[in-house]
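Visitor: Submitted below is the structure of interest, expressed as structure tokens.
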Amino acid sequence: MSQKIDQERRQFVSVAGVAAAATAVAPGVFLLGARAEAEPRKEPVTDKVRYGMLIDTTKCADGCSECVTGCEKENGLDLLRMPEGADPEEWDRQRPRWIRTVKVKDRLTGRVSTLPMMCQHCEYPPCTDVCPTGASFRRADGIVMVDRHICIGCRYCMMACPYKARSFIHENIDRQLSIAPRGKGCVESCNFCVHRRDNGETTTACQDACPHDAIVFGDLNDPNSEVSKALREKANTQLRADLKLNTGVRYRGI
Amino acid sequence: MKKIHYREWGIESPRYWGLLAVLGVLLAVGGLATLYMEHEGHWVTGMNNQIVWGVPHVFAIFLIVAASGALNIAAFGSVFGKKIYKSLGRLSGLLAMALLVGGLLVLVLDLGQPSRLIVAMTTYNFKSIFAWNIYLYVGFLAIVAVYLFTMMERKANKYYPAAGLVAFVWRLILTTGTGSIFGFLVARQGYDAALMAPMFIIMSFAYGMAIYLLVLMFTFKLDGRPIGDKLLLRLKNLLGIFVAAVFYFVVVYHLTNLYGTENHEYEAFILRDGGIYTTLFWVGWVLLGMLVPMGILFHPGLGRSRGAIVAASVLVILGGIAAMYVIVIGGQAFPMAIFPDKIIIESGFHDGVNGQPLHYVPSLPEFLLGLGGIAVALTATFVGVRLLKFLPESLADEVVDPHHG
């Protein structure tokens, strides 16, 4: 009799154990399944990857601003509206820009180049050095961005950036994209379309939008990546190389 | 030297409350301007993505710099053992705290997210001079409060020299921090200089002294308390020397810049082609803020006139604000050298096409916020001297001068 009771007890404990284990593990299994479907980043960001970009200015066409349009659409900058009563010229100076086209002329030779400018994603970014709260930060994979939860809007990073790459949100926001959230009084800048990085996509919006294939994006640490090969192939330069910031964005042809 | 007696500010109530009412109006207007800017966002200011620190920073940094300078008068008494200045120490400490609070208020109310101040106090990036400054400012207030306590509480008097020394060293570090806010900015041609820290220190000596002189003369005059020539002439001489020292630093800064070719364009901008910045530099800072006050203060006749001393002090203060405008805004208006060997001929983000300066026209609310900061400093000072014994009953020659007849 007692042997029978013991057996029943053992069976009960076994079933209960399996059930408990299943209860504990199942959500993880399902979550894993759901993640696999959207192919988001599964591992924490590491420094095994360093994202970077090569811009071949010899391919940039004069007057072309497709990269700017592509960036603004991707990151919701085109949703911003001039506040009622604002001066259009002043608003143009106040509205945020993540990427801009610049036309430069060599002082000596007179050679003219057109190129897109954005956050240069420095290895040693002055913006993160000066940020009092650490809201400006550099991810392990080389992307420099702003944590808009702890940005207090002091704008010291904007004072420190040698590339004038950062923008301050001067107005109330009523329309925005969830992939690029923004709020009045915070600073922001190009983040190499970080939402794409974290969802396994390999390109940036500016790269996709460029009709001249002037922008190559990828992992600088991977010698076989397209960007690494392109960088090796022909001479290129970084802007304000004198500051020794080791920028992640490199230019060819200027 | 007779024993100094201190007494609360004894002016009649209607005058006192009238004074507070005037300051109250300024405070209210400054508060409303802040609410307006905070509610609407910075688009209602003249600031933009090119000039990101505007007039509020000019006022805030001026007040913060002047705050540490206002403490020097106390240091002359405690650290350097000059007895004649000991009687001035209490007002010096009070004014230093009041000016710092006024300056900091302007600074934090101009943040894009002023409500996140708690984040700034709990989340630090210790590589940032801004983060250090938070400690330096809060520490300054605490140390000066203790310093004042050692001055005013007889039982704590024995700690007075030690507290004075700590306060003096702290104020030097604090202004080093303020100057380094600019000195650490490698990106901009006008800022990236180690000279910024000592220059800000010497500026603090001058602007703090000018404000101190005015507040001292005003509070004494209103209360019918005497200030003898002996003390006043010493103070005005000190002001003259400090202004001369600022002049020296300005000359050294620009000469050093002119020596290095990379700075020629910036120097040409500030000294010759910068429009409002050039005018403010030569007329506001150099002529009215330094040369004319030095002329007055060192003039054998004019320098003894109280009216002229007041005028010189006012000019030093206005010159100081002009100086901050040239440094803070002029330094940003000059386009950054993103392409040192090239000229930008077109830009989608106002990069200073063909070397043109970047655009900034300050708006009224920005000025009102700045004036609000000054009103905070003055209100705190006047309430302080009314409630506590900050002011000596007399600074007449026979009281302060041990050698007086």
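Each chain in the structure tokens gets a letter, A, B and so on, in the order shown; residues start at 1 in every chain, and ligands are counted from 1 in the order they appear.
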Which residues come within 7 Å of Ile202 of chain B, counting only C-alpha atoms, excluding same-chain residues fewer than 3 positions away, as a ChimeraX atom specification?
Guide: /B:198-199,205-206,242,245-246
Visitor: Check the DSSP output for the backbone and give back, as a count of residues only, the residues of segment 212-241 of chain A in strand (DSSP E or B).
Guide: 6
Visitor: Sort by chain and increasing residue number a table of all residues of chain A within 6 Å of chain B, each with its closest pair of atoms and their distance in Å to one decimal, counting only C-alpha atoms, and write it as a Markdown table.
Guide:
| residue | atom | partner | partner_atom | distance |
| --- | --- | --- | --- | --- |
| A:Arg93 | CA | B:Asn48 | CA | 5.6 |
| A:Gln94 | CA | B:Asn48 | CA | 4.5 |
| A:Arg100 | CA | B:Gly348 | CA | 5.1 |
| A:Thr101 | CA | B:Gly348 | CA | 5.5 |
| A:Val102 | CA | B:Ser347 | CA | 4.4 |
| A:Lys103 | CA | B:Glu346 | CA | 4.9 |
| A:Val104 | CA | B:Ile344 | CA | 4.4 |
| A:Lys105 | CA | B:Ile343 | CA | 5.2 |
| A:Asp106 | CA | B:Lys342 | CA | 4.4 |
| A:Arg107 | CA | B:Lys342 | CA | 5.1 |
| A:Asp129 | CA | B:Ser128 | CA | 5.5 |
| A:Val130 | CA | B:Ser128 | CA | 4.2 |
| A:Cys131 | CA | B:Ser128 | CA | 5.9 |
| A:Pro132 | CA | B:Ala131 | CA | 4.6 |
| A:Thr133 | CA | B:Tyr124 | CA | 4.7 |
| A:Gly134 | CA | B:Asn125 | CA | 5.1 |
| A:Ile152 | CA | B:Gln113 | CA | 4.8 |
| A:Gly153 | CA | B:Gly112 | CA | 4.0 |
| A:Cys154 | CA | B:Leu111 | CA | 5.1 |
| A:Ala160 | CA | B:Leu185 | CA | 5.4 |
| A:Pro162 | CA | B:Ala187 | CA | 4.3 |
| A:Ser167 | CA | B:Asn49 | CA | 5.7 |
| A:His170 | CA | B:His42 | CA | 4.6 |
| A:Glu171 | CA | B:Gly41 | CA | 4.7 |
| A:Gly185 | CA | B:Gly112 | CA | 3.6 |
Visitor: In segment 76-148 of chain A, what's alpha helix (DSSP H) per DSSP? Answer as a ChimeraX atom specification?
Guide: /A:88-94,126-130
Visitor: Pick the closest to Arg155 of chain A from A:Glu39, A:Ile169, A:Gln238, A:Cys119: which is it, counting only C-alpha atoms?
Guide: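 Among A:Glu39, A:Ile169, A:Gln238, A:Cys119, it is A:Ile169 that comes nearest to Arg155 of chain A.
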Visitor: I'd like the contact shell of Gly240 of chain B - 7 Å cut-off, only C-alpha atoms, skipping same-chain residues fewer than 6 positions apart - returned as an NGL selection string.
Guide: :B and (294 or 297-298)
Visitor: Env of Asp56 of chain A: 6 Å cut, atoms = only C-alpha atoms, seq-sep filter 5 positions within chain, self excluded. Answer as a list of chain:residue names.
Guide: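 Skipping anything fewer than 5 positions along the chain leaves A:Ala214, A:Tyr251, A:Arg252.
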Visitor: Please provide the set of residues having any atom within 9 Å of Pro56 of chain B, restricted to only C-alpha atoms, with same-chain residues fewer than 2 positions apart removed, written as a VMD selection string.
Guide: chain B and resid 53 to 54 58 to 61 106 to 107 109 to 110 366 to 370
Visitor: Hey, can you check how far atom CA of Ala75 of chain B sits from atom CA of Arg90 of chain B?
Guide: 10.7 Å
Visitor: Work out how far apart atom CA of Ala311 of chain B and atom CA of Pro14 of chain B are and give it in Å to one decimal.
Guide: 27.3 Å
Visitor: Can you pull out the residues contacting segment 217-231 of chain A? Cut-off 8 Å, using only C-alpha atoms, and skip same-chain residues under 6 positions away; I want them as a count of residues only.
Guide: 11
Visitor: Leaving out segment 325-327 of chain B and any residue of its chain fewer than 5 positions from it, which residues lie within 7 Å of it when counting only C-alpha atoms, given as a PyMOL selection string?
Guide: chain B and resi 58+277+280-281
Visitor: Choose the residue, out of B:Leu165, B:Leu71, B:Val25, B:Ile309, that has the smallest atom-to-atom separation from Leu232 of chain B; count only C-alpha atoms.
Guide: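 Residue with the minimum atom-to-atom distance to Leu232 of chain B: B:Ile309.
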